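Undergrad: What follows is coords19.txt, made up of compact mmCIF, C-alpha atoms and all ligand atoms:
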```txt
# COMPACT_ATOMS: atom_id res chain seq x y z
CA MET A 657 154.92 122.94 145.63
CA MET A 658 155.86 125.79 147.92
CA ILE A 659 154.13 126.12 151.25
CA ASN A 660 153.58 129.73 152.18
CA LYS A 661 154.32 129.87 155.88
CA ASN A 662 153.27 133.54 156.01
CA SER A 663 149.87 132.89 154.49
CA PRO A 664 146.82 133.26 156.75
CA LEU A 665 145.76 129.84 155.44
CA PRO A 666 146.81 127.08 157.84
CA ILE A 667 149.66 124.96 156.49
CA TYR A 668 147.74 121.69 156.74
CA TYR A 669 145.03 123.29 154.63
CA GLN A 670 147.49 124.37 151.94
CA ILE A 671 148.86 120.83 151.78
CA GLU A 672 145.38 119.36 151.70
CA GLU A 673 144.41 121.60 148.79
CA HIS A 674 147.61 120.72 146.95
CA ILE A 675 146.98 116.99 147.25
CA LYS A 676 143.35 117.47 146.16
CA ASP A 677 144.63 119.36 143.16
CA LEU A 678 146.99 116.50 142.24
CA ILE A 679 144.03 114.10 142.45
CA ASP A 680 141.72 116.36 140.44
CA ARG A 681 144.39 116.78 137.76
CA LYS A 682 144.92 112.98 137.76
CA GLN A 683 148.56 113.24 138.69
CA LEU A 684 147.52 110.96 141.52
CA LYS A 685 145.11 108.33 140.24
CA PRO A 686 142.52 106.15 141.99
CA GLY A 687 144.32 103.29 143.76
CA ASP A 688 147.68 105.12 143.90
CA CYS A 689 149.43 104.92 147.25
CA LEU A 690 150.28 108.30 148.79
CA PRO A 691 153.80 108.90 150.08
CA SER A 692 154.20 108.17 153.80
CA GLU A 693 153.73 110.87 156.43
CA ARG A 694 157.49 110.97 156.85
CA GLU A 695 158.11 111.43 153.13
CA PHE A 696 155.47 114.14 152.89
CA ALA A 697 156.89 115.88 155.96
CA GLU A 698 160.32 115.98 154.31
CA GLN A 699 158.92 117.08 150.97
CA TYR A 700 156.90 119.98 152.45
CA GLN A 701 159.35 120.70 155.29
CA VAL A 702 156.64 120.55 157.91
CA SER A 703 155.91 118.32 160.91
CA ARG A 704 154.29 114.90 160.60
CA MET A 705 151.43 116.20 162.76
CA THR A 706 150.63 118.77 160.08
CA ILE A 707 150.67 116.10 157.38
CA ARG A 708 148.47 113.86 159.51
CA GLN A 709 145.90 116.64 159.86
CA ALA A 710 145.85 117.22 156.08
CA ILE A 711 145.47 113.50 155.34
CA THR A 712 142.76 113.03 157.96
CA ASN A 713 140.75 115.80 156.32
CA LEU A 714 141.24 114.17 152.91
CA VAL A 715 140.04 110.85 154.36
CA ASN A 716 136.98 112.56 155.80
CA SER A 717 136.13 114.20 152.52
CA GLY A 718 136.47 110.88 150.65
CA TYR A 719 139.48 111.82 148.52
CA VAL A 720 141.71 109.15 150.03
CA TYR A 721 141.26 106.14 152.28
CA ARG A 722 143.50 104.31 154.70
CA ILE A 723 144.20 100.60 154.84
CA LYS A 724 145.65 99.55 158.17
CA GLY A 725 149.26 98.48 157.85
CA LYS A 726 149.39 99.30 154.14
CA GLY A 727 149.07 103.01 153.65
CA THR A 728 146.83 105.72 152.26
CA PHE A 729 145.33 105.39 148.80
CA VAL A 730 143.57 107.67 146.35
CA ALA A 731 139.85 106.91 146.26
CA ASP A 732 137.78 106.34 143.19
CA GLN A 733 135.14 109.06 143.08
CA ASN A 734 132.68 107.03 141.02
CA VAL A 735 129.08 106.67 142.01
CA ILE A 736 127.59 103.21 141.72
CA GLU A 737 124.23 102.84 140.02
CA LEU A 738 122.53 99.95 141.76
CA LYS A 739 119.63 98.33 139.95
CA LEU A 740 116.90 97.51 142.41
CA HIS A 741 115.15 94.92 140.26
CA GLY A 742 116.42 91.38 140.73
CA ILE A 743 117.68 89.68 143.88
CA THR A 744 121.35 90.30 143.28
CA SER A 745 124.09 90.20 145.87
CA PHE A 746 126.65 92.81 146.72
CA THR A 747 129.32 90.53 145.27
CA GLU A 748 127.51 90.19 141.93
CA ASN A 749 126.72 93.90 141.72
CA ILE A 750 130.29 94.98 142.26
CA GLN A 751 131.70 92.33 139.91
CA ALA A 752 129.24 93.35 137.21
CA LEU A 753 130.74 96.83 137.39
CA GLY A 754 134.23 95.44 136.84
CA MET A 755 135.37 96.07 140.38
CA THR A 756 136.64 93.68 143.03
CA PRO A 757 134.33 93.07 145.97
CA SER A 758 135.59 92.23 149.43
CA SER A 759 134.24 92.21 152.96
CA LYS A 760 135.56 92.96 156.37
CA ILE A 761 133.75 91.10 159.11
CA ILE A 762 132.96 93.27 162.11
CA GLU A 763 130.72 90.74 163.83
CA PHE A 764 129.99 87.07 163.29
CA ARG A 765 128.07 85.25 165.97
CA SER A 766 125.08 83.11 166.78
CA SER A 767 122.60 84.97 168.90
CA LEU A 768 118.97 84.67 169.94
CA ALA A 769 116.42 86.44 167.78
CA ASP A 770 114.81 89.43 169.44
CA LYS A 771 111.18 90.29 168.73
CA ASN A 772 111.91 92.37 165.64
CA VAL A 773 114.28 89.88 164.03
CA ALA A 774 111.95 86.96 164.88
CA THR A 775 109.01 88.74 163.24
CA LYS A 776 111.02 89.57 160.14
CA LEU A 777 112.33 86.00 159.79
CA LYS A 778 109.01 84.40 160.80
CA ILE A 779 110.66 82.38 163.55
CA ASN A 780 110.09 82.28 167.30
CA GLU A 781 111.66 84.82 169.58
CA ASN A 782 114.87 83.42 171.12
CA GLU A 783 115.42 81.00 168.25
CA SER A 784 119.02 80.93 167.18
CA VAL A 785 120.18 83.20 164.36
CA TYR A 786 123.47 84.16 162.77
CA GLU A 787 124.16 87.84 163.20
CA ILE A 788 126.74 89.09 160.74
CA GLN A 789 128.01 92.60 160.33
CA ARG A 790 130.25 93.30 157.37
CA ILE A 791 131.85 96.28 155.76
CA ARG A 792 131.41 95.76 152.03
CA LEU A 793 134.18 97.15 149.86
CA ALA A 794 134.69 97.71 146.16
CA ASN A 795 138.32 97.96 145.07
CA GLN A 796 139.17 98.25 148.78
CA ILE A 797 136.89 101.26 149.30
CA PRO A 798 134.16 100.89 151.93
CA MET A 799 130.81 101.23 150.18
CA ALA A 800 128.27 99.78 152.56
CA LEU A 801 127.81 98.36 156.01
CA GLU A 802 125.53 95.36 156.21
CA THR A 803 124.00 93.60 159.19
CA SER A 804 122.37 90.29 158.30
CA PHE A 805 120.26 87.92 160.36
CA LEU A 806 119.78 84.37 159.12
CA SER A 807 118.09 81.48 160.90
CA THR A 808 120.66 78.84 161.84
CA ASN A 809 118.03 76.15 161.13
CA ILE A 810 117.79 77.11 157.49
CA VAL A 811 121.21 78.49 156.70
CA LYS A 812 123.20 75.69 158.23
CA ASN A 813 126.88 75.57 159.13
CA LEU A 814 127.68 79.06 158.03
CA SER A 815 131.30 79.91 158.79
CA LYS A 816 133.07 83.20 159.18
CA GLU A 817 135.15 82.39 156.09
CA THR A 818 132.01 81.88 154.01
CA ALA A 819 130.50 85.11 155.30
CA ALA A 820 133.66 86.92 154.22
CA HIS A 821 132.71 85.95 150.65
CA SER A 822 129.17 85.76 149.29
CA LEU A 823 126.22 84.77 151.46
CA TYR A 824 123.98 84.38 148.41
CA GLU A 825 126.47 82.09 146.74
CA TYR A 826 126.55 79.88 149.83
CA ILE A 827 122.75 79.84 150.13
CA GLN A 828 122.19 79.10 146.46
CA LYS A 829 125.17 77.01 145.38
CA THR A 830 126.20 75.18 148.54
CA LEU A 831 122.82 74.81 150.23
CA GLY A 832 120.93 74.58 146.93
CA LEU A 833 118.14 76.89 148.06
CA SER A 834 116.50 79.23 145.58
CA LEU A 835 115.71 82.80 146.42
CA LYS A 836 112.24 83.60 145.23
CA TYR A 837 111.49 87.23 146.07
CA SER A 838 112.45 90.07 148.39
CA THR A 839 110.68 92.93 150.05
CA GLN A 840 112.78 96.01 150.43
CA THR A 841 112.51 99.44 152.02
CA ILE A 842 114.85 102.36 151.52
CA GLU A 843 115.06 105.47 153.64
CA ALA A 844 117.37 108.40 154.12
CA SER A 845 119.47 108.68 157.24
CA ALA A 846 122.69 110.19 158.61
CA ALA A 847 125.75 108.18 159.60
CA ASN A 848 126.25 107.88 163.35
CA LYS A 849 129.71 107.76 164.91
CA LYS A 850 130.26 104.01 164.50
CA GLU A 851 128.87 103.90 160.96
CA SER A 852 130.94 106.87 159.87
CA GLU A 853 134.12 105.35 161.28
CA LEU A 854 133.49 101.99 159.61
CA LEU A 855 132.62 103.58 156.27
CA GLY A 856 135.38 106.20 156.35
CA ILE A 857 132.96 109.12 156.05
CA LYS A 858 132.19 112.10 158.27
CA LYS A 859 129.73 111.68 161.12
CA GLY A 860 126.34 112.91 159.96
CA SER A 861 127.02 112.22 156.26
CA PRO A 862 123.95 111.17 154.26
CA ILE A 863 123.39 107.43 153.99
CA LEU A 864 120.72 105.27 152.41
CA LEU A 865 119.33 102.67 154.75
CA MET A 866 117.95 99.62 153.00
CA GLU A 867 116.19 96.74 154.69
CA ARG A 868 115.65 93.57 152.74
CA ILE A 869 113.84 90.38 153.62
CA THR A 870 114.43 87.59 151.11
CA PHE A 871 112.06 84.65 150.85
CA LEU A 872 112.27 81.08 149.59
CA SER A 873 109.50 79.72 147.38
CA ASP A 874 107.51 78.49 150.38
CA ASP A 875 107.37 82.09 151.67
CA GLN A 876 109.93 81.32 154.35
CA PRO A 877 112.22 84.32 154.95
CA ILE A 878 115.87 83.38 154.65
CA GLU A 879 117.57 86.66 155.47
CA PHE A 880 116.83 89.95 157.09
CA THR A 881 119.53 92.43 156.14
CA LYS A 882 120.00 96.07 157.00
CA SER A 883 122.33 97.75 154.53
CA ILE A 884 123.75 101.19 154.96
CA TYR A 885 124.92 102.59 151.65
CA ARG A 886 127.12 105.65 151.40
CA GLY A 887 125.01 108.51 150.06
CA ASP A 888 127.99 109.88 148.13
CA ARG A 889 128.56 106.55 146.38
CA TYR A 890 125.16 105.16 145.52
CA LYS A 891 122.33 105.96 143.22
CA PHE A 892 119.45 103.51 142.97
CA VAL A 893 117.90 102.69 139.62
CA VAL A 894 114.46 101.16 139.17
CA LYS A 895 112.91 99.89 135.95
CA ILE A 896 109.23 100.65 135.85
CA ASP A 897 106.92 98.74 133.55
CA GLN A 898 103.73 100.29 132.27
CA ASP A 899 101.54 97.40 133.34
CA SER A 900 102.98 96.62 136.78
C1 LIG B 1 122.94 92.76 148.93
C2 LIG B 1 121.61 92.77 149.69
C3 LIG B 1 121.70 92.04 151.01
C4 LIG B 1 122.38 90.68 150.85
C5 LIG B 1 123.71 90.83 150.18
C6 LIG B 1 124.37 89.48 149.93
O1 LIG B 1 123.82 93.70 149.45
N1 LIG B 1 121.13 94.14 149.92
O2 LIG B 1 120.38 91.88 151.50
O3 LIG B 1 122.51 90.07 152.10
O4 LIG B 1 123.57 91.48 148.93
O5 LIG B 1 125.64 89.74 149.38
P1 LIG B 1 126.79 88.65 149.26
O6 LIG B 1 126.20 87.45 148.57
O7 LIG B 1 127.85 89.31 148.49
O8 LIG B 1 127.21 88.28 150.67
```
Translate the structure of the given file into structure tokens.
Ligand code: GLP

TA:
Amino acid sequence: MMINKNSPLPIYYQIEEHIKDLIDRKQLKPGDCLPSEREFAEQYQVSRMTIRQAITNLVNSGYVYRIKGKGTFVADQNVIELKLHGITSFTENIQALGMTPSSKIIEFRSSLADKNVATKLKINENESVYEIQRIRLANQIPMALETSFLSTNIVKNLSKETAAHSLYEYIQKTLGLSLKYSTQTIEASAANKKESELLGIKKGSPILLMERITFLSDDQPIEFTKSIYRGDRYKFVVKIDQDS
């Protein structure tokens, strides 16, 4: 493609549009690795700074995403339809859609429950809880940011390695506890700076904030989780029965 250096359109913008076009026309497919900044700079005969600007804009608009140390990849533009009936985990939901789930742990620590967390988990204030913050990815693309609180008395010996996989699998298979029901709220919000950086979206982008408390059969809460779902990636589906 020829860059028109005399055009009133900035060069980074022309490059950005060209790459978008390649993605839209499927010449670059989801998961494909983009050439390096250096290769692009040679190809377009522009500086690496200009390429960086174009790529950063493509990251912000969700066309591509970066993996530290690996490169920049073409994003899948699919929207996930998440069924809200059933106490399913992120891992199960993503696998059911034929994608590969993974997590990046931002925080894993034992802390003391504050008033809000204690009330939600029906434990005493200052009782010990695990506080886990994870970026949840599907095929390496950040989809959600989850912060979970679990009582250390009930969910015993949780390790960082386990939290990097499925919490529900650990609770159900390893600890042998059965999840009975959840209460859940969903509200609209806008990504703040930290959330937008972790999810690879623009600050202020629409997000869906979900809070879930999951209970065991004796009405004991086992988790309190705040999930932030990307508004451009999620659609929630509910089955409604006539008699419920
Ligand atoms: C969903 C729920 C969370 C729950 C998580 C467990 O995302 N909204 O409340 O904590 O699944 O997922 P996993 O078992 O993959 O860790």

Undergrad: Go through A:Ser759, A:Ser834, A:Thr808, A:Gln683 one by one, measure the shortest atom-to-atom distance of each to ligand LIG 1 (chain B) using only C-alpha atoms and all ligand atoms, and give the residue with the smallest value.

TA: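 For ligand LIG 1 (chain B), the nearest of the given residues is A:Ser759.
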
Undergrad: Looking at A:Arg790, A:Lys682, A:Lys850, A:Lys895, which one is nearest to ligand LIG 1 (chain B), with distances taken over all atoms listed in the file?

TA: A:Arg790

Undergrad: What residues have any atom no more than 7 Å from ligand LIG 1 (chain B) when counting all atoms listed in the file, and can you list them as a PyMOL selection string?

TA: chain A and resi 744-748+804+819+821-825+868+879-883

Undergrad: List as a PDB file with C-alpha atoms, keeping the file's coordinate frame: which residues have an atom within 6 Å of (122.3, 88.7, 165.7), counting only C-alpha atoms?

TA:
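So the final result, stored in selection.pdb, reads:
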```pdb
ATOM      1  CA  SER A 767     122.600  84.970 168.900  1.00  0.00           C
ATOM      2  CA  TYR A 786     123.470  84.160 162.770  1.00  0.00           C
ATOM      3  CA  GLU A 787     124.160  87.840 163.200  1.00  0.00           C
ATOM      4  CA  PHE A 805     120.260  87.920 160.360  1.00  0.00           C
TER       5      PHE A 805
END
```

Undergrad: I need the residue nearest Leu777 (chain A) from this list: A:Ile659, A:Leu684, A:Leu806, A:Ala697. Use all atoms listed in the file for the distance.

TA: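 Closest to Leu777 (chain A) of all the choices is A:Leu806.
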
Undergrad: In Å, with one decimal, what is the gap from CA of Gly856 (chain A) to CA of Ile797 (chain A)?

TA: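 Atom-to-atom, CA of Gly856 (chain A) and CA of Ile797 (chain A) are spaced 8.7 Å apart.
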
Undergrad: What gap, in Å, lies between CA of Val785 (chain A) and CA of Ser807 (chain A)?

TA: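 Atom-to-atom, CA of Val785 (chain A) to CA of Ser807 (chain A), that is 4.4 Å.
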
Undergrad: Name the residues within 9 Å of (139.8, 106.8, 151.2), counting all atoms listed in the file in the file's coordinates, and put them as a PyMOL selection string.

TA: chain A and resi 714-723+728-732+796-798+856-857

Undergrad: Could you check how far CA of Gly860 (chain A) sits from CA of Ile884 (chain A), in Å to one decimal?

TA: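 According to the coordinates, CA of Gly860 (chain A) and CA of Ile884 (chain A) are separated by 13.0 Å.
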